[in-house]
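**Q** Sharing structure.cif (mmCIF, C-alpha atoms (C1' of nucleotides)) below.
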```
data_model
loop_
_atom_site.label_atom_id
_atom_site.label_comp_id
_atom_site.auth_asym_id
_atom_site.auth_seq_id
_atom_site.Cartn_x
_atom_site.Cartn_y
_atom_site.Cartn_z
CA MET A 1 -59.61 -83.21 -137.32
CA ILE A 2 -61.06 -83.78 -133.90
CA LEU A 3 -64.61 -82.92 -135.05
CA SER A 4 -66.10 -83.50 -138.49
CA GLN A 5 -66.64 -80.50 -140.75
CA ARG A 6 -70.38 -80.95 -140.28
CA CYS A 7 -69.97 -80.73 -136.52
CA GLU A 8 -67.79 -77.61 -136.66
CA TYR A 9 -70.46 -75.98 -138.80
CA ALA A 10 -73.21 -77.12 -136.42
CA ILE A 11 -71.51 -75.67 -133.33
CA ARG A 12 -70.74 -72.37 -135.05
CA THR A 13 -74.36 -72.15 -136.19
CA ALA A 14 -75.66 -72.84 -132.69
CA LEU A 15 -73.34 -70.19 -131.26
CA PHE A 16 -74.51 -67.74 -133.91
CA LEU A 17 -78.14 -68.31 -132.94
CA ALA A 18 -77.36 -68.00 -129.25
CA ALA A 19 -75.17 -64.91 -129.69
CA THR A 20 -77.59 -62.93 -131.86
CA ASP A 21 -80.37 -63.73 -129.39
CA ARG A 22 -83.29 -63.06 -131.74
CA HIS A 23 -86.88 -64.06 -131.07
CA ASP A 24 -87.75 -64.79 -134.68
CA TYR A 25 -86.54 -67.55 -136.98
CA VAL A 26 -83.25 -67.03 -138.77
CA ALA A 27 -83.00 -68.33 -142.34
CA VAL A 28 -80.27 -70.85 -143.20
CA ARG A 29 -79.24 -68.53 -146.01
CA GLU A 30 -78.55 -65.71 -143.57
CA ILE A 31 -76.44 -67.96 -141.34
CA SER A 32 -74.44 -69.49 -144.18
CA ASP A 33 -73.66 -66.02 -145.53
CA ALA A 34 -72.52 -64.72 -142.15
CA LEU A 35 -70.36 -67.75 -141.29
CA HIS A 36 -69.15 -68.53 -144.83
CA ILE A 37 -70.57 -72.04 -144.89
CA PRO A 38 -71.95 -73.67 -148.08
CA GLN A 39 -75.70 -73.13 -147.84
CA ALA A 40 -77.04 -76.47 -149.10
CA PHE A 41 -74.58 -78.38 -146.95
CA LEU A 42 -75.52 -76.42 -143.82
CA ALA A 43 -79.21 -76.99 -144.56
CA LYS A 44 -78.66 -80.75 -144.49
CA THR A 45 -76.40 -80.61 -141.46
CA VAL A 46 -78.88 -78.81 -139.23
CA GLN A 47 -81.48 -81.51 -139.88
CA ALA A 48 -79.59 -83.66 -137.37
CA LEU A 49 -80.06 -80.92 -134.80
CA THR A 50 -83.73 -80.24 -135.50
CA GLY A 51 -84.33 -83.98 -135.36
CA ALA A 52 -82.73 -84.08 -131.92
CA GLY A 53 -84.79 -81.13 -130.68
CA ILE A 54 -81.72 -78.92 -130.27
CA PHE A 55 -82.97 -76.61 -133.03
CA ALA A 56 -86.55 -75.83 -134.02
CA SER A 57 -87.40 -74.98 -137.63
CA MET A 58 -90.24 -73.32 -139.47
CA ARG A 59 -90.92 -73.20 -143.23
CA GLY A 60 -92.19 -70.36 -145.31
CA PRO A 61 -91.18 -66.73 -145.87
CA THR A 62 -90.70 -65.86 -142.19
CA GLY A 63 -89.31 -69.30 -141.42
CA GLY A 64 -85.83 -70.47 -140.51
CA LEU A 65 -84.06 -71.82 -137.45
CA THR A 66 -84.08 -71.05 -133.77
CA LEU A 67 -82.86 -72.79 -130.63
CA GLY A 68 -85.16 -75.56 -129.45
CA ARG A 69 -84.47 -74.80 -125.79
CA PRO A 70 -82.91 -71.96 -123.77
CA ALA A 71 -79.22 -71.57 -124.61
CA ALA A 72 -78.26 -72.20 -121.00
CA GLN A 73 -79.74 -75.71 -121.23
CA ILE A 74 -77.87 -76.80 -124.37
CA THR A 75 -74.34 -78.21 -124.07
CA LEU A 76 -71.83 -78.57 -126.87
CA LYS A 77 -71.67 -82.26 -126.05
CA GLU A 78 -75.28 -82.67 -127.19
CA ILE A 79 -74.43 -81.13 -130.53
CA VAL A 80 -71.41 -83.38 -131.00
CA LEU A 81 -73.49 -86.44 -130.13
CA ALA A 82 -76.25 -85.46 -132.57
CA VAL A 83 -73.85 -84.86 -135.48
CA ASP A 84 -70.78 -87.07 -134.97
CA GLY A 85 -72.01 -89.58 -132.41
CA GLY A 86 -70.16 -90.48 -129.23
CA ASP A 87 -67.07 -92.18 -130.66
CA LEU A 88 -64.81 -89.27 -129.70
CA PHE A 89 -65.71 -89.80 -126.05
CA THR A 90 -65.46 -93.58 -125.98
CA ASP A 91 -63.13 -94.94 -128.67
CA CYS A 92 -59.71 -96.50 -128.03
CA VAL A 93 -56.87 -94.27 -129.21
CA LEU A 94 -55.37 -97.27 -131.06
CA GLY A 95 -58.73 -98.24 -132.58
CA LEU A 96 -58.89 -101.58 -130.76
CA PRO A 97 -62.45 -102.81 -130.26
CA GLY A 98 -63.43 -103.64 -126.69
CA CYS A 99 -60.62 -101.61 -125.14
CA SER A 100 -61.65 -100.74 -121.58
CA ASP A 101 -60.45 -100.74 -117.99
CA ARG A 102 -60.98 -104.50 -117.97
CA GLN A 103 -59.24 -105.21 -121.26
CA PRO A 104 -56.94 -102.20 -121.82
CA CYS A 105 -54.59 -101.40 -124.68
CA PRO A 106 -51.06 -100.31 -123.72
CA LEU A 107 -52.10 -96.65 -123.88
CA HIS A 108 -55.42 -96.97 -122.11
CA ASP A 109 -54.25 -95.67 -118.72
CA GLN A 110 -52.78 -92.58 -120.34
CA TRP A 111 -55.52 -91.98 -122.90
CA ALA A 112 -58.60 -92.46 -120.72
CA PRO A 113 -57.99 -89.38 -118.55
CA ALA A 114 -57.03 -87.22 -121.54
CA ARG A 115 -60.20 -88.33 -123.33
CA ALA A 116 -62.21 -87.57 -120.19
CA ARG A 117 -60.75 -84.05 -120.18
CA VAL A 118 -61.99 -83.51 -123.73
CA HIS A 119 -65.37 -84.98 -122.83
CA ASP A 120 -65.75 -82.70 -119.81
CA MET A 121 -64.94 -79.66 -121.87
CA PHE A 122 -67.83 -80.35 -124.25
CA ALA A 123 -70.16 -81.51 -121.46
CA THR A 124 -69.53 -78.40 -119.36
CA ALA A 125 -69.68 -75.76 -122.09
CA THR A 126 -73.22 -74.45 -122.63
CA LEU A 127 -74.30 -72.36 -125.58
CA ALA A 128 -75.18 -69.49 -123.22
CA ASP A 129 -71.73 -69.35 -121.61
CA THR A 130 -69.86 -69.67 -124.87
CA ALA A 131 -72.06 -67.20 -126.73
CA ALA A 132 -71.59 -64.65 -123.96
CA ARG A 133 -67.83 -64.83 -124.50
CA THR A 134 -68.42 -64.45 -128.24
CA GLN A 135 -70.16 -61.12 -127.76
CA ALA A 136 -67.74 -59.83 -125.12
CA GLY A 137 -64.30 -59.82 -126.73
CA ASP A 138 -62.51 -60.25 -130.02
CA PHE A 139 -63.98 -63.71 -130.42
CA ARG A 140 -64.87 -64.91 -133.86
CA LEU A 141 -67.27 -67.38 -135.45
CA ALA A 142 -65.89 -66.90 -138.95
CA PHE A 143 -62.54 -66.04 -140.46
CA GLU A 144 -63.71 -62.49 -140.94
CA PRO A 145 -65.50 -61.43 -137.74
CA VAL A 146 -69.29 -61.52 -138.13
CA MET B 147 -61.27 -90.80 -135.09
CA ILE B 148 -58.59 -88.91 -133.25
CA LEU B 149 -55.79 -90.57 -135.23
CA SER B 150 -55.91 -91.79 -138.82
CA GLN B 151 -56.04 -95.53 -139.46
CA ARG B 152 -52.48 -95.30 -140.81
CA CYS B 153 -51.32 -93.73 -137.57
CA GLU B 154 -53.02 -96.32 -135.38
CA TYR B 155 -51.29 -99.03 -137.42
CA ALA B 156 -47.95 -97.21 -137.16
CA ILE B 157 -48.07 -96.91 -133.38
CA ARG B 158 -49.14 -100.54 -132.91
CA THR B 159 -46.30 -101.63 -135.19
CA ALA B 160 -43.76 -99.54 -133.27
CA LEU B 161 -44.99 -101.00 -129.97
CA PHE B 162 -44.77 -104.50 -131.43
CA LEU B 163 -41.14 -103.94 -132.40
CA ALA B 164 -40.31 -102.44 -129.01
CA ALA B 165 -42.15 -105.14 -127.07
CA THR B 166 -40.63 -108.14 -128.85
CA ASP B 167 -37.19 -106.59 -128.39
CA ARG B 168 -35.41 -108.55 -131.12
CA HIS B 169 -32.00 -107.71 -132.51
CA ASP B 170 -32.75 -108.81 -136.06
CA TYR B 171 -35.06 -107.32 -138.66
CA VAL B 172 -38.75 -108.25 -138.50
CA ALA B 173 -40.58 -108.70 -141.82
CA VAL B 174 -43.66 -106.59 -142.52
CA ARG B 175 -45.52 -109.82 -143.26
CA GLU B 176 -44.84 -111.12 -139.78
CA ILE B 177 -46.08 -107.90 -138.19
CA SER B 178 -49.21 -107.64 -140.32
CA ASP B 179 -50.10 -111.24 -139.48
CA ALA B 180 -49.62 -110.72 -135.76
CA LEU B 181 -51.54 -107.45 -135.57
CA HIS B 182 -54.17 -108.25 -138.24
CA ILE B 183 -53.26 -105.32 -140.46
CA PRO B 184 -53.49 -105.47 -144.29
CA GLN B 185 -49.94 -106.25 -145.39
CA ALA B 186 -49.59 -104.01 -148.45
CA PHE B 187 -51.15 -101.10 -146.64
CA LEU B 188 -48.83 -101.48 -143.66
CA ALA B 189 -45.83 -101.68 -145.99
CA LYS B 190 -46.70 -98.30 -147.45
CA THR B 191 -47.48 -96.79 -144.07
CA VAL B 192 -44.15 -97.62 -142.49
CA GLN B 193 -42.32 -95.80 -145.30
CA ALA B 194 -43.24 -92.55 -143.52
CA LEU B 195 -41.48 -93.85 -140.43
CA THR B 196 -38.34 -95.16 -142.16
CA GLY B 197 -38.14 -91.84 -144.02
CA ALA B 198 -38.21 -90.01 -140.67
CA GLY B 199 -35.52 -92.26 -139.19
CA ILE B 200 -37.89 -93.71 -136.60
CA PHE B 201 -37.65 -97.13 -138.22
CA ALA B 202 -34.74 -98.66 -140.11
CA SER B 203 -35.32 -101.15 -142.92
CA MET B 204 -33.30 -103.78 -144.75
CA ARG B 205 -34.18 -105.68 -147.94
CA GLY B 206 -33.56 -109.27 -148.78
CA PRO B 207 -34.34 -112.62 -147.20
CA THR B 208 -33.27 -111.65 -143.67
CA GLY B 209 -34.56 -108.11 -144.10
CA GLY B 210 -37.45 -106.29 -142.48
CA LEU B 211 -37.97 -103.51 -139.97
CA THR B 212 -36.35 -102.51 -136.73
CA LEU B 213 -36.37 -99.42 -134.55
CA GLY B 214 -34.09 -96.66 -135.80
CA ARG B 215 -33.15 -95.61 -132.28
CA PRO B 216 -33.44 -97.02 -128.75
CA ALA B 217 -37.09 -97.37 -127.75
CA ALA B 218 -36.54 -95.06 -124.78
CA GLN B 219 -35.67 -92.24 -127.17
CA ILE B 220 -38.77 -92.50 -129.39
CA THR B 221 -41.99 -90.75 -128.36
CA LEU B 222 -45.45 -91.45 -129.70
CA LYS B 223 -45.64 -87.79 -130.68
CA GLU B 224 -42.87 -88.32 -133.23
CA ILE B 225 -44.85 -91.12 -134.84
CA VAL B 226 -48.03 -89.03 -134.99
CA LEU B 227 -46.10 -86.14 -136.55
CA ALA B 228 -44.50 -88.42 -139.15
CA VAL B 229 -47.80 -90.02 -140.21
CA ASP B 230 -50.60 -87.50 -139.56
CA GLY B 231 -48.71 -84.24 -139.17
CA GLY B 232 -49.17 -81.83 -136.29
CA ASP B 233 -52.74 -80.62 -136.91
CA LEU B 234 -54.07 -82.51 -133.90
CA PHE B 235 -51.81 -80.51 -131.63
CA THR B 236 -52.40 -77.08 -133.17
CA ASP B 237 -55.77 -76.84 -134.93
CA CYS B 238 -58.73 -74.81 -133.70
CA VAL B 239 -61.57 -77.02 -132.45
CA LEU B 240 -64.00 -75.06 -134.65
CA GLY B 241 -61.69 -75.23 -137.67
CA LEU B 242 -61.14 -71.47 -137.83
CA PRO B 243 -57.82 -70.53 -139.46
CA GLY B 244 -55.56 -68.29 -137.43
CA CYS B 245 -57.25 -69.07 -134.12
CA SER B 246 -54.77 -68.33 -131.34
CA ASP B 247 -54.38 -66.57 -128.01
CA ARG B 248 -54.31 -63.28 -129.87
CA GLN B 249 -57.30 -64.00 -132.10
CA PRO B 250 -59.29 -66.66 -130.24
CA CYS B 251 -62.52 -68.42 -131.17
CA PRO B 252 -65.20 -68.59 -128.46
CA LEU B 253 -63.95 -72.01 -127.37
CA HIS B 254 -60.23 -71.27 -127.47
CA ASP B 255 -59.77 -70.75 -123.73
CA GLN B 256 -61.44 -74.08 -122.99
CA TRP B 257 -59.95 -76.05 -125.88
CA ALA B 258 -56.31 -74.96 -125.66
CA PRO B 259 -55.65 -76.66 -122.29
CA ALA B 260 -57.54 -79.82 -123.30
CA ARG B 261 -55.53 -79.97 -126.52
CA ALA B 262 -52.34 -79.44 -124.51
CA ARG B 263 -53.28 -82.41 -122.34
CA VAL B 264 -53.57 -84.62 -125.40
CA HIS B 265 -50.30 -83.27 -126.76
CA ASP B 266 -48.48 -83.94 -123.50
CA MET B 267 -49.73 -87.51 -123.43
CA PHE B 268 -48.18 -88.26 -126.81
CA ALA B 269 -45.05 -86.21 -126.08
CA THR B 270 -44.43 -87.94 -122.76
CA ALA B 271 -45.14 -91.53 -123.77
CA THR B 272 -42.02 -93.31 -125.04
CA LEU B 273 -42.02 -96.62 -126.87
CA ALA B 274 -39.98 -98.15 -124.05
CA ASP B 275 -42.42 -97.18 -121.30
CA THR B 276 -45.49 -98.19 -123.26
CA ALA B 277 -44.00 -101.45 -124.50
CA ALA B 278 -43.04 -102.38 -120.96
CA ARG B 279 -46.68 -102.11 -119.95
CA THR B 280 -47.63 -104.21 -122.96
CA GLN B 281 -45.54 -107.10 -121.77
CA ALA B 282 -46.51 -106.77 -118.12
CA GLY B 283 -50.28 -107.17 -117.96
CA ASP B 284 -53.28 -108.08 -120.05
CA PHE B 285 -52.46 -105.37 -122.53
CA ARG B 286 -53.21 -105.93 -126.16
CA LEU B 287 -51.93 -104.75 -129.53
CA ALA B 288 -54.56 -106.64 -131.52
CA PHE B 289 -58.17 -107.69 -130.96
CA GLU B 290 -56.96 -111.18 -130.18
CA PRO B 291 -53.89 -110.82 -127.92
CA VAL B 292 -50.63 -111.35 -129.82
"C1'" DC C 293 -24.22 -116.40 -160.71
"C1'" DC C 294 -28.76 -117.33 -159.88
"C1'" DT C 295 -32.80 -117.64 -157.12
"C1'" DA C 296 -35.76 -116.44 -153.50
"C1'" DA C 297 -37.18 -113.16 -150.12
"C1'" DT C 298 -37.87 -108.67 -148.84
"C1'" DC C 299 -38.63 -103.42 -149.01
"C1'" DA C 300 -39.74 -99.27 -152.29
"C1'" DG C 301 -43.00 -97.14 -154.74
"C1'" DG C 302 -46.21 -96.13 -158.66
"C1'" DA C 303 -50.89 -97.20 -160.46
"C1'" DC C 304 -55.19 -98.52 -159.49
"C1'" DT C 305 -59.74 -99.51 -156.88
"C1'" DT C 306 -63.03 -98.83 -153.08
"C1'" DA C 307 -65.29 -96.49 -149.16
"C1'" DT C 308 -66.55 -92.32 -146.97
"C1'" DG C 309 -67.06 -87.54 -145.79
"C1'" DG C 310 -67.88 -83.15 -147.96
"C1'" DG C 311 -70.60 -80.72 -151.12
"C1'" DT C 312 -74.17 -79.70 -155.02
"C1'" DC C 313 -78.67 -79.95 -157.29
"C1'" DC C 314 -83.37 -80.58 -157.71
"C1'" DT C 315 -88.18 -81.49 -156.25
"C1'" DA C 316 -91.70 -81.65 -152.72
"C1'" DA C 317 -94.07 -79.81 -148.72
"C1'" DA C 318 -95.25 -76.19 -145.69
"C1'" DA C 319 -96.12 -71.39 -144.53
"C1'" DC C 320 -96.75 -66.39 -145.49
"C1'" DC C 321 -98.66 -62.66 -148.34
"C1'" DT C 322 -101.47 -60.40 -151.61
"C1'" DA D 323 -106.68 -69.15 -154.69
"C1'" DG D 324 -102.10 -68.58 -156.27
"C1'" DG D 325 -97.36 -67.21 -156.15
"C1'" DT D 326 -93.22 -66.79 -153.32
"C1'" DT D 327 -90.11 -68.11 -149.71
"C1'" DT D 328 -88.50 -71.28 -146.84
"C1'" DT D 329 -87.15 -76.12 -144.83
"C1'" DA D 330 -87.04 -81.43 -145.87
"C1'" DG D 331 -84.85 -84.77 -148.12
"C1'" DG D 332 -83.49 -87.82 -152.01
"C1'" DA D 333 -80.09 -88.30 -155.78
"C1'" DC D 334 -75.96 -87.28 -157.36
"C1'" DC D 335 -70.83 -85.62 -157.81
"C1'" DC D 336 -66.05 -84.81 -155.99
"C1'" DA D 337 -61.89 -85.19 -153.01
"C1'" DT D 338 -59.43 -87.88 -150.01
"C1'" DA D 339 -58.40 -91.79 -146.93
"C1'" DA D 340 -58.14 -96.73 -147.01
"C1'" DG D 341 -56.76 -100.64 -149.31
"C1'" DT D 342 -54.99 -103.68 -153.45
"C1'" DC D 343 -51.87 -105.00 -157.12
"C1'" DC D 344 -47.85 -105.13 -159.70
"C1'" DT D 345 -43.02 -104.09 -160.97
"C1'" DG D 346 -38.40 -102.97 -159.73
"C1'" DA D 347 -34.35 -102.69 -156.59
"C1'" DT D 348 -31.70 -104.82 -153.02
"C1'" DT D 349 -29.84 -108.47 -150.21
"C1'" DA D 350 -28.80 -113.35 -148.42
"C1'" DG D 351 -27.60 -117.85 -149.55
"C1'" DG D 352 -26.75 -121.99 -152.32
#
```
Go through the file and emit its structure as structure tokens.

**A**
Amino acid sequence: MILSQRCEYAIRTALFLAATDRHDYVAVREISDALHIPQAFLAKTVQALTGAGIFASMRGPTGGLTLGRPAAQITLKEIVLAVDGGDLFTDCVLGLPGCSDRQPCPLHDQWAPARARVHDMFATATLADTAARTQAGDFRLAFEPV
Amino acid sequence: MILSQRCEYAIRTALFLAATDRHDYVAVREISDALHIPQAFLAKTVQALTGAGIFASMRGPTGGLTLGRPAAQITLKEIVLAVDGGDLFTDCVLGLPGCSDRQPCPLHDQWAPARARVHDMFATATLADTAARTQAGDFRLAFEPV
DNA sequence: CCTAATCAGGACTTATGGGTCCTAAAACCT
DNA sequence: AGGTTTTAGGACCCATAAGTCCTGATTAGG
């Protein structure tokens, strides 16, 4: 798996919030039902995002989650960093510590550009762009379309 | 981690065999010492490669491991497939089952080409090419150069 | 033939990510 | 004020990857 399960859930949740474009708070329960994610696990996962300011949360009967900033100003890279950390964008493909341009492993020259391609994909994709595509076509956030 | 620990060990072992270009069998113990890999764990890991014909093994005092075919005819993709399977090259970045061109997730159009780039890197890289680079420069197969 | 060295592979232990459960704290509503 | 609904977060359980240990099968060499 390229992303952890937590991170897949986090991105799908963020896209759900951006795509349904509501002004009020959306309860974790509602999201976990729509996306078929275990509720308690999602509740813990989003704490990493609220802590990073990517989500905002409110308690109480009308509480729930909402985006902490406009969807156009949130990249998928931020979400990955908040949940999984930056290892995906920096680590050696052979797991060798200190691998770099100065002290490369035998695959470094091939891996570095491929890794950069993956990085750029996450750094370029904003929630607004991606959510717009979600609403447009056949795109799905769950196995059964939401 | 993009590759499992097993797979990182497997590739480094294959490169070690290709780089030291010996005609005889090399004992697992010798490899695990050189690359700082737990011996018993490496012994189990390479069974996936001997089973796939990528390595050949021989028991007894002069036994050990050797490449099953010429290094120029072994790609890193084969090793990944034998150890980790093909999920890295086919799975949806959001973990949605059945994601494809026909039934895409919101990130499919961005992810598919990035994933193809990673695939092509492993499919193109042969043990011979990569091992040649290992011998040439400062390249390393272990934290302390071998 | 016997011993030592090596791979093969099952059984077991440990570490970690995924997931559940329960209690506390905050916010709304009557 | 008090009850209900929600997030926050600690404690715990489970599945799997990582790693260890031991026994057996095979081979070389005296």

**Q** Please, what distance in Å, to one decimal, runs between CA of Arg69 in chain A and C1' of DG310 in chain C?

**A**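 CA of Arg69 in chain A sits 28.9 Å away from C1' of DG310 in chain C.
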
**Q** I would like the residues chosen by the PyMOL selection byres ((chain A) within 7 of (chain B)) on the shown file; could you give them as a ChimeraX atom specification?

**A** /A:1-2,8,88,93-97,103-107,110,114,117-118,121,130,133-134,138-143

**Q** Distance cut-off 9 Å, counting all atoms listed in the file - which residues of chain B neighbour chain C? Return them as a list in words.

**A**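 Residues satisfying the distance criterion: Ala173, Val174, Ala189, Lys190, Gln193, Ser203, Met204, Arg205, Gly206, Pro207, Thr208, Gly209 and Gly210 of chain B.
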
**Q** Return as a PyMOL selection string the set of residues that the PyMOL selection byres ((chain D) within 9 of (chain A)) yields on the displayed structure.

**A** chain D and resi 326-331

**Q** Taking into account only C-alpha atoms (C1' of nucleotides), which residue in the set B:Leu273, B:Ala186, B:Val192, B:Leu222 is nearest to DC344 in chain D?

**A**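 Among the listed residues, the smallest separation from DC344 in chain D belongs to B:Ala186.
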
**Q** Hey, can you check how far CA of Gly199 in chain B sits from C1' of DT338 in chain D?

**A** 26.6 Å

**Q** Would you work out the distance separating CA of Leu49 in chain A from CA of Ala82 in chain A, expressed in Å to one decimal?

**A**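 Here the two named atoms are 6.3 Å from each other.
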
**Q** Since I can't run it myself right now, could you work out what the PyMOL selection byres ((chain B and resi 220) around 10) selects here and report it as a VMD selection string?

**A** chain B and resid 160 200 213 to 219 221 to 225 269 to 274

**Q** If you count only C-alpha atoms (C1' of nucleotides), which residues fall within 10 Å of Gln185 in chain B, apart from same-chain ones fewer than 5 positions away, as a compact mmCIF listing (two decimals) with C-alpha atoms (C1' of nucleotides), in the coordinates of the input?

**A**
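Generated file (part-v2.txt):
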```
# COMPACT_ATOMS: atom_id res chain seq x y z
CA VAL B 174 -43.66 -106.59 -142.52
CA ARG B 175 -45.52 -109.82 -143.26
CA GLU B 176 -44.84 -111.12 -139.78
CA ILE B 177 -46.08 -107.90 -138.19
CA SER B 178 -49.21 -107.64 -140.32
CA ASP B 179 -50.10 -111.24 -139.48
CA LYS B 190 -46.70 -98.30 -147.45
CA THR B 191 -47.48 -96.79 -144.07
C1' DG D 341 -56.76 -100.64 -149.31
C1' DT D 342 -54.99 -103.68 -153.45
```

**Q** Using only the atoms of range 111-120 of chain A listed in the file, plus 8 Å on each side, state the axis-aligned box centre and edge lengths in Å rounded to one decimal, as JSON.

**A**
```
{"center_x": -60.6, "center_y": -87.6, "center_z": -121.1, "size_x": 26.2, "size_y": 25.8, "size_z": 21.2}
```
